[in-house]
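Novice: What follows is the file structure-v6.cif, containing mmCIF, C-alpha atoms and all ligand atoms:
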data_input
#
loop_
_atom_site.label_atom_id
_atom_site.label_comp_id
_atom_site.auth_asym_id
_atom_site.auth_seq_id
_atom_site.Cartn_x
_atom_site.Cartn_y
_atom_site.Cartn_z
CA MET X 260 -17.33 -6.77 -38.82
CA SER X 261 -14.14 -7.32 -40.76
CA VAL X 262 -12.38 -10.65 -40.58
CA GLN X 263 -8.73 -10.41 -41.47
CA TYR X 264 -7.78 -14.08 -41.43
CA LEU X 265 -9.30 -17.49 -42.12
CA PHE X 266 -6.54 -20.01 -41.52
CA ALA X 267 -7.09 -23.68 -42.32
CA ASN X 268 -4.83 -26.11 -40.47
CA TRP X 269 -5.15 -29.44 -42.27
CA LYS X 270 -2.78 -31.14 -39.81
CA MET X 271 -2.12 -34.74 -40.98
CA TYR X 272 -5.79 -35.30 -41.87
CA LEU X 273 -5.24 -35.26 -45.66
CA ASP X 274 -2.72 -37.04 -47.87
CA PHE X 275 -1.06 -35.52 -50.94
CA ASP X 276 -3.91 -36.20 -53.39
CA GLU X 277 -6.66 -35.17 -50.98
CA SER X 278 -4.83 -31.96 -50.12
CA CYS X 279 -4.36 -31.02 -53.78
CA ILE X 280 -7.98 -31.80 -54.66
CA LEU X 281 -9.32 -29.71 -51.79
CA ALA X 282 -6.96 -26.82 -52.61
CA ALA X 283 -8.07 -26.89 -56.25
CA ARG X 284 -11.76 -26.84 -55.32
CA ILE X 285 -11.24 -23.97 -52.90
CA ARG X 286 -9.27 -22.06 -55.52
CA GLU X 287 -12.01 -22.59 -58.05
CA HIS X 288 -15.03 -21.69 -55.92
CA VAL X 289 -14.09 -19.73 -52.80
CA THR X 290 -13.70 -15.97 -52.46
CA LEU X 291 -13.97 -13.91 -49.33
CA GLY X 292 -13.43 -10.21 -49.97
CA ASP X 293 -10.51 -8.80 -48.06
CA THR X 294 -10.09 -11.78 -45.76
CA THR X 295 -6.74 -13.56 -46.08
CA ILE X 296 -7.54 -17.23 -46.57
CA THR X 297 -4.53 -19.43 -45.95
CA VAL X 298 -4.30 -23.21 -46.19
CA PHE X 299 -1.73 -25.13 -44.15
CA PRO X 300 -1.40 -28.55 -45.83
CA THR X 301 1.04 -31.36 -45.17
CA ASP X 302 4.60 -30.37 -46.17
CA ILE X 303 4.71 -32.86 -49.02
CA ALA X 304 1.83 -31.10 -50.77
CA LEU X 305 3.14 -27.54 -50.35
CA LYS X 306 4.90 -27.18 -53.67
CA GLU X 307 2.07 -28.63 -55.72
CA ILE X 308 -0.51 -26.55 -53.85
CA ASP X 309 1.56 -23.43 -54.44
CA ARG X 310 1.26 -24.21 -58.16
CA ILE X 311 -2.49 -24.86 -57.82
CA LEU X 312 -3.05 -21.57 -56.00
CA GLU X 313 -0.90 -19.48 -58.31
CA GLY X 314 -2.69 -16.32 -59.38
CA SER X 315 -5.46 -16.76 -56.76
CA ASP X 316 -6.11 -14.87 -53.52
CA ILE X 317 -5.53 -17.98 -51.39
CA HIS X 318 -2.28 -18.04 -49.45
CA LEU X 319 0.01 -20.88 -48.43
CA GLY X 320 1.18 -21.79 -44.95
CA ALA X 321 3.26 -24.53 -43.33
CA GLN X 322 2.45 -26.34 -40.10
CA ASN X 323 5.90 -26.17 -38.55
CA ALA X 324 9.52 -25.25 -39.28
CA ALA X 325 13.01 -25.68 -37.90
CA TRP X 326 15.01 -22.83 -36.34
CA VAL X 327 18.16 -23.47 -38.33
CA PRO X 328 18.52 -22.39 -41.95
CA ARG X 329 20.31 -25.39 -43.47
CA GLY X 330 22.66 -28.26 -42.67
CA ALA X 331 22.84 -31.59 -40.88
CA TYR X 332 19.36 -31.56 -39.30
CA THR X 333 17.65 -34.80 -40.25
CA GLY X 334 13.94 -34.42 -40.80
CA ALA X 335 13.96 -30.63 -40.48
CA VAL X 336 12.69 -27.98 -42.92
CA SER X 337 13.72 -24.35 -42.49
CA PRO X 338 11.62 -21.21 -42.94
CA GLN X 339 13.84 -20.18 -45.88
CA ILE X 340 13.31 -23.50 -47.68
CA LEU X 341 9.56 -23.17 -47.08
CA LYS X 342 9.57 -19.56 -48.26
CA ASP X 343 11.39 -20.56 -51.44
CA ILE X 344 8.42 -22.74 -52.44
CA GLY X 345 5.78 -20.09 -51.73
CA VAL X 346 5.03 -20.34 -48.01
CA GLU X 347 4.05 -17.01 -46.41
CA TYR X 348 2.86 -18.12 -42.96
CA ILE X 349 4.20 -20.76 -40.55
CA LEU X 350 2.29 -22.19 -37.59
CA LEU X 351 4.46 -22.47 -34.52
CA GLY X 352 3.88 -23.78 -31.04
CA HIS X 353 0.69 -25.61 -31.91
CA SER X 354 -0.52 -27.59 -28.93
CA GLU X 355 0.07 -30.85 -30.80
CA ARG X 356 3.71 -29.83 -31.38
CA ARG X 357 4.05 -28.88 -27.72
CA HIS X 358 2.31 -31.86 -26.17
CA ILE X 359 2.93 -34.73 -28.59
CA PHE X 360 6.35 -33.75 -29.91
CA GLY X 361 7.66 -32.09 -26.77
CA GLU X 362 8.45 -28.63 -28.14
CA ASP X 363 8.90 -26.03 -25.44
CA ASP X 364 8.74 -22.24 -25.29
CA THR X 365 12.47 -21.95 -25.94
CA ASP X 366 12.26 -24.04 -29.13
CA ILE X 367 9.28 -22.02 -30.28
CA ARG X 368 11.03 -18.71 -29.70
CA LYS X 369 14.01 -19.84 -31.79
CA LYS X 370 11.61 -20.73 -34.60
CA ILE X 371 9.89 -17.35 -34.37
CA ASP X 372 13.24 -15.57 -34.69
CA ALA X 373 14.13 -17.77 -37.67
CA CYS X 374 10.84 -16.92 -39.42
CA LEU X 375 11.24 -13.18 -38.86
CA GLU X 376 14.79 -13.32 -40.13
CA VAL X 377 13.67 -14.59 -43.54
CA GLY X 378 10.40 -12.65 -43.72
CA VAL X 379 7.82 -15.39 -43.20
CA THR X 380 4.98 -14.56 -40.79
CA PRO X 381 4.94 -16.77 -37.69
CA VAL X 382 1.46 -17.71 -36.46
CA VAL X 383 2.16 -18.67 -32.88
CA CYS X 384 -0.33 -20.72 -30.88
CA ILE X 385 -0.74 -20.29 -27.16
CA GLY X 386 -3.22 -21.78 -24.74
CA GLU X 387 -3.70 -23.46 -21.39
CA THR X 388 -4.52 -27.08 -20.63
CA LYS X 389 -7.74 -28.16 -18.97
CA GLN X 390 -5.89 -28.78 -15.73
CA GLU X 391 -4.28 -25.34 -15.78
CA LYS X 392 -7.69 -23.80 -16.36
CA GLU X 393 -9.27 -25.77 -13.53
CA GLU X 394 -6.47 -24.88 -11.17
CA GLY X 395 -6.83 -21.17 -11.94
CA LYS X 396 -3.46 -21.06 -13.72
CA ARG X 397 -4.71 -19.97 -17.12
CA GLU X 398 -3.43 -16.40 -17.01
CA TYR X 399 -0.13 -17.50 -15.51
CA ARG X 400 0.42 -19.97 -18.38
CA LEU X 401 -0.51 -17.44 -21.07
CA LYS X 402 1.61 -14.73 -19.48
CA LYS X 403 4.65 -17.03 -19.54
CA GLN X 404 4.04 -18.08 -23.14
CA ILE X 405 3.63 -14.46 -24.27
CA MET X 406 6.76 -13.38 -22.43
CA LYS X 407 8.79 -16.05 -24.19
CA ILE X 408 7.35 -15.04 -27.57
CA CYS X 409 7.51 -11.26 -27.26
CA GLU X 410 10.40 -10.33 -24.97
CA ASN X 411 12.97 -8.38 -27.02
CA LEU X 412 11.36 -9.49 -30.25
CA PRO X 413 12.58 -7.21 -33.03
CA LEU X 414 9.23 -6.43 -34.66
CA THR X 415 9.59 -3.68 -37.26
CA ARG X 416 6.05 -3.48 -38.60
CA ASP X 417 2.41 -4.26 -37.90
CA ASN X 418 1.12 -7.78 -38.62
CA GLU X 419 4.62 -9.25 -38.72
CA LEU X 420 3.60 -11.68 -35.98
CA ILE X 421 0.19 -13.31 -35.44
CA ILE X 422 -0.89 -15.00 -32.21
CA ALA X 423 -3.62 -17.61 -32.02
CA TYR X 424 -5.34 -18.32 -28.70
CA GLU X 425 -6.12 -22.02 -28.82
CA PRO X 426 -7.10 -23.46 -25.43
CA VAL X 427 -5.71 -27.00 -25.46
CA TRP X 428 -8.97 -28.41 -24.08
CA ALA X 429 -10.93 -26.90 -26.99
CA ILE X 430 -8.83 -28.35 -29.83
CA GLY X 431 -10.54 -31.18 -31.65
CA THR X 432 -12.94 -31.79 -28.77
CA GLY X 433 -16.11 -30.00 -29.88
CA ASP X 434 -15.86 -28.13 -26.58
CA ALA X 435 -15.19 -24.66 -28.00
CA CYS X 436 -14.34 -21.85 -25.59
CA LEU X 437 -17.45 -19.75 -25.02
CA PRO X 438 -17.15 -16.51 -26.99
CA ALA X 439 -17.51 -14.30 -23.90
CA ASP X 440 -14.80 -16.30 -22.14
CA ALA X 441 -12.54 -16.13 -25.22
CA ASP X 442 -13.12 -12.38 -25.34
CA ASN X 443 -11.95 -11.96 -21.73
CA VAL X 444 -8.88 -14.08 -22.31
CA LEU X 445 -8.04 -12.29 -25.56
CA THR X 446 -8.32 -8.93 -23.81
CA PHE X 447 -5.79 -10.20 -21.29
CA ILE X 448 -3.54 -11.47 -24.11
CA GLN X 449 -3.78 -8.15 -25.94
CA THR X 450 -2.74 -6.21 -22.84
CA GLU X 451 0.19 -8.53 -22.22
CA ILE X 452 1.41 -8.21 -25.82
CA GLN X 453 1.12 -4.42 -25.67
CA SER X 454 3.53 -4.39 -22.76
CA TYR X 455 6.21 -5.69 -25.15
CA THR X 456 5.48 -4.01 -28.48
CA ASP X 457 3.60 -1.11 -29.99
CA LYS X 458 3.24 -2.96 -33.31
CA ALA X 459 -0.15 -4.49 -34.17
CA VAL X 460 -0.22 -8.23 -33.48
CA PRO X 461 -3.43 -9.72 -34.90
CA LEU X 462 -5.15 -12.25 -32.63
CA LEU X 463 -6.95 -15.38 -33.78
CA TYR X 464 -9.21 -17.78 -31.92
CA GLY X 465 -8.88 -21.51 -32.57
CA GLY X 466 -10.38 -24.66 -31.04
CA SER X 467 -13.47 -26.45 -32.36
CA VAL X 468 -14.45 -23.61 -34.71
CA THR X 469 -17.28 -24.69 -37.04
CA PRO X 470 -19.53 -23.06 -39.66
CA GLU X 471 -22.14 -22.80 -36.88
CA ASN X 472 -20.04 -20.95 -34.31
CA VAL X 473 -17.46 -19.05 -36.41
CA LEU X 474 -19.46 -15.82 -36.48
CA SER X 475 -19.63 -15.64 -32.72
CA TYR X 476 -15.82 -15.43 -32.59
CA VAL X 477 -15.12 -13.07 -35.45
CA SER X 478 -17.78 -10.68 -34.13
CA LEU X 479 -15.60 -10.08 -31.06
CA GLN X 480 -13.55 -6.86 -31.13
CA THR X 481 -10.56 -8.77 -29.82
CA VAL X 482 -10.54 -11.32 -32.68
CA GLN X 483 -9.07 -10.65 -36.12
CA GLY X 484 -9.57 -14.16 -37.46
CA VAL X 485 -9.86 -17.87 -36.81
CA LEU X 486 -7.59 -20.89 -37.00
CA VAL X 487 -9.68 -23.89 -37.97
CA GLY X 488 -8.65 -27.55 -37.89
CA SER X 489 -11.05 -30.35 -38.73
CA ALA X 490 -13.88 -28.14 -40.03
CA SER X 491 -11.51 -26.85 -42.73
CA THR X 492 -10.57 -30.27 -44.08
CA GLY X 493 -13.73 -30.99 -46.06
CA TYR X 494 -14.98 -28.90 -48.97
CA GLU X 495 -18.59 -28.52 -47.75
CA SER X 496 -17.53 -27.51 -44.31
CA PHE X 497 -14.88 -25.11 -45.68
CA VAL X 498 -17.52 -23.43 -47.81
CA GLY X 499 -19.80 -23.39 -44.74
CA LEU X 500 -17.17 -21.38 -42.86
CA VAL X 501 -16.76 -18.95 -45.74
CA ASP X 502 -20.51 -18.52 -46.19
CA ALA X 503 -20.98 -17.84 -42.50
CA LEU X 504 -18.27 -15.21 -42.61
CA LYS X 505 -19.86 -13.61 -45.67
CA GLN X 506 -23.19 -13.37 -43.86
CA GLY X 507 -21.53 -11.52 -41.04
CA SER X 508 -19.72 -8.99 -43.18
P1 LIG X 601 -9.92 -27.93 -34.41
O1 LIG X 601 -8.33 -27.64 -34.44
O2 LIG X 601 -10.57 -26.82 -35.20
O3 LIG X 601 -10.06 -29.26 -35.07
O4 LIG X 601 -10.33 -27.92 -32.99
C1 LIG X 601 -7.86 -26.32 -34.34
C2 LIG X 601 -6.37 -26.34 -34.37
O5 LIG X 601 -5.78 -27.28 -33.84
O6 LIG X 601 -5.73 -25.44 -34.92
#
Take the structure from the file and write it as structure tokens.
Ligand code: PGA
Specialist:
Amino acid sequence: MSVQYLFANWKMYLDFDESCILAARIREHVTLGDTTITVFPTDIALKEIDRILEGSDIHLGAQNAAWVPRGAYTGAVSPQILKDIGVEYILLGHSERRHIFGEDDTDIRKKIDACLEVGVTPVVCIGETKQEKEEGKREYRLKKQIMKICENLPLTRDNELIIAYEPVWAIGTGDACLPADADNVLTFIQTEIQSYTDKAVPLLYGGSVTPENVLSYVSLQTVQGVLVGSASTGYESFVGLVDALKQGS
């Protein structure tokens, strides 16, 4: 089993000091072979955490970005500005951005293009709601989201884009998608993506991943890594995730 990515989405759980302290502890004590560990802290901690992580194997990510490079866009931060302070990955289309802040597939696509233009890797989240799942519309929803992401996307190399399958009903609920179910859905996602590009697009699973269940996802052939929210925001639990992954490798 080889896990390519352990991505830690700290959302707005941690303030500046808490984010820096956790990043410093992880830097000091955590290693995980060839796995790319990336922390996604609050924007205000990015620059300081970049300094904390300097010279380590831990990477830096942002939780969102604008689609414009610069100008009169109050409250916005562009991929270039994020890249300038050390950001390598940007989460886009997270369910909380879609459902709380009203971002739609068109907004998300513009952000993906903006990331690719400046050479930051977009990590794009897709997933269906509980209602869509119950009404049998899961594949329809994912197909639409993938089309918007991938159609005419100018990918020039492998791993330039990462897609995370995060069923909305599994995020922050403790109701993780069963691994066999996730495997089926990820196989569907993989086939859909392959109809648009021959470049490798790594797939992640996210939604209530914990130290206890993480191995069951990364053992799947379809999964190259995990996107973890709340279980990545405490040191013990972060180390628990890393230890579990070590056991499986
Ligand atoms: P969770 O969040 O691990 O707390 O469910 C995952 C995510 O939102 O990326």
Novice: So that each row is one residue of chain X with an atom at most 9 Å from ligand LIG 601 (chain X), can you give its shortest atom pair and the distance in Å to one decimal, using all atoms listed in the file, rows by chain and rising number, as a Markdown table?
Specialist:
| residue | atom | partner | partner_atom | distance |
| --- | --- | --- | --- | --- |
| X:Phe266 | CA | X:LIG601 | O6 | 8.6 |
| X:Ala267 | CA | X:LIG601 | O6 | 7.7 |
| X:Asn268 | CA | X:LIG601 | O6 | 5.7 |
| X:Trp269 | CA | X:LIG601 | O6 | 8.4 |
| X:Lys270 | CA | X:LIG601 | O5 | 7.7 |
| X:His353 | CA | X:LIG601 | O5 | 7.0 |
| X:Ser354 | CA | X:LIG601 | O5 | 7.2 |
| X:Glu355 | CA | X:LIG601 | O5 | 7.5 |
| X:Cys384 | CA | X:LIG601 | O6 | 8.2 |
| X:Ala423 | CA | X:LIG601 | O6 | 8.6 |
| X:Glu425 | CA | X:LIG601 | O6 | 7.0 |
| X:Val427 | CA | X:LIG601 | O5 | 8.4 |
| X:Ala429 | CA | X:LIG601 | O4 | 6.1 |
| X:Ile430 | CA | X:LIG601 | O4 | 3.5 |
| X:Gly431 | CA | X:LIG601 | O4 | 3.5 |
| X:Thr432 | CA | X:LIG601 | O4 | 6.3 |
| X:Gly433 | CA | X:LIG601 | O4 | 6.9 |
| X:Asp434 | CA | X:LIG601 | O4 | 8.5 |
| X:Ala435 | CA | X:LIG601 | O4 | 7.7 |
| X:Tyr464 | CA | X:LIG601 | O6 | 8.9 |
| X:Gly465 | CA | X:LIG601 | C1 | 5.2 |
| X:Gly466 | CA | X:LIG601 | O4 | 3.8 |
| X:Ser467 | CA | X:LIG601 | O4 | 3.5 |
| X:Val468 | CA | X:LIG601 | O2 | 5.1 |
| X:Thr469 | CA | X:LIG601 | O2 | 7.3 |
| X:Val485 | CA | X:LIG601 | O6 | 8.8 |
| X:Leu486 | CA | X:LIG601 | O6 | 5.3 |
| X:Val487 | CA | X:LIG601 | O2 | 4.1 |
| X:Gly488 | CA | X:LIG601 | O2 | 3.4 |
| X:Ser489 | CA | X:LIG601 | O3 | 3.9 |
| X:Ala490 | CA | X:LIG601 | O2 | 6.0 |
| X:Ser491 | CA | X:LIG601 | O2 | 7.6 |
Novice: Which distance in Å separates CA of Asp417 (chain X) and CA of Asp457 (chain X), to one decimal?
Specialist: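 CA of Asp457 (chain X) lies at a distance of 8.6 Å from CA of Asp417 (chain X).
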Novice: Compare X:Glu398, X:Glu419, X:Glu387, X:Glu410 by their minimum atom-to-atom distance to Ile448 (chain X), counting all atoms listed in the file, and give me the closest one.
Specialist: X:Glu398
Novice: Report the distance between CA of Asn472 (chain X) and CA of Leu500 (chain X) in Å, rounded to one decimal place.
Specialist: 9.0 Å
Novice: With all atoms listed in the file as the atoms that count, which of X:Phe275, X:Pro461, X:Gly334, X:Asn323 lies nearest to Ile308 (chain X)?
Specialist: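 Of all the options, X:Phe275 lies closest to Ile308 (chain X).
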Novice: Please measure the separation of CA of Asp440 (chain X) and CA of Ile422 (chain X), giving the value in Å to one decimal.
Specialist: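 A separation of 17.2 Å between them.
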Novice: Determine the nearest neighbour of Leu341 (chain X) from the options X:Glu451, X:Asp276, X:Asp502, X:Asp302, counting only C-alpha atoms.
Specialist: X:Asp302
Novice: Of the candidates X:Leu412, X:Arg286, X:Asp274, X:Ser508, which shows the shortest atom-to-atom distance to Gly314 (chain X), using all atoms listed in the file?
Specialist: X:Arg286
Novice: Do you know which residues are at most 9 Å from Leu479 (chain X) counting all atoms listed in the file, after dropping those on the same chain fewer than 5 positions away, and could you put them as JSON, numbers by chain?
Specialist: {"X": [260, 438, 439, 441, 442, 474]}
Novice: Around the point (7.2, -6.9, -24.2) (coordinates from the file), which residues reach within 10 Å if we count all atoms listed in the file? Answer as a VMD selection string.
Specialist: chain X and resid 405 to 412 451 to 457
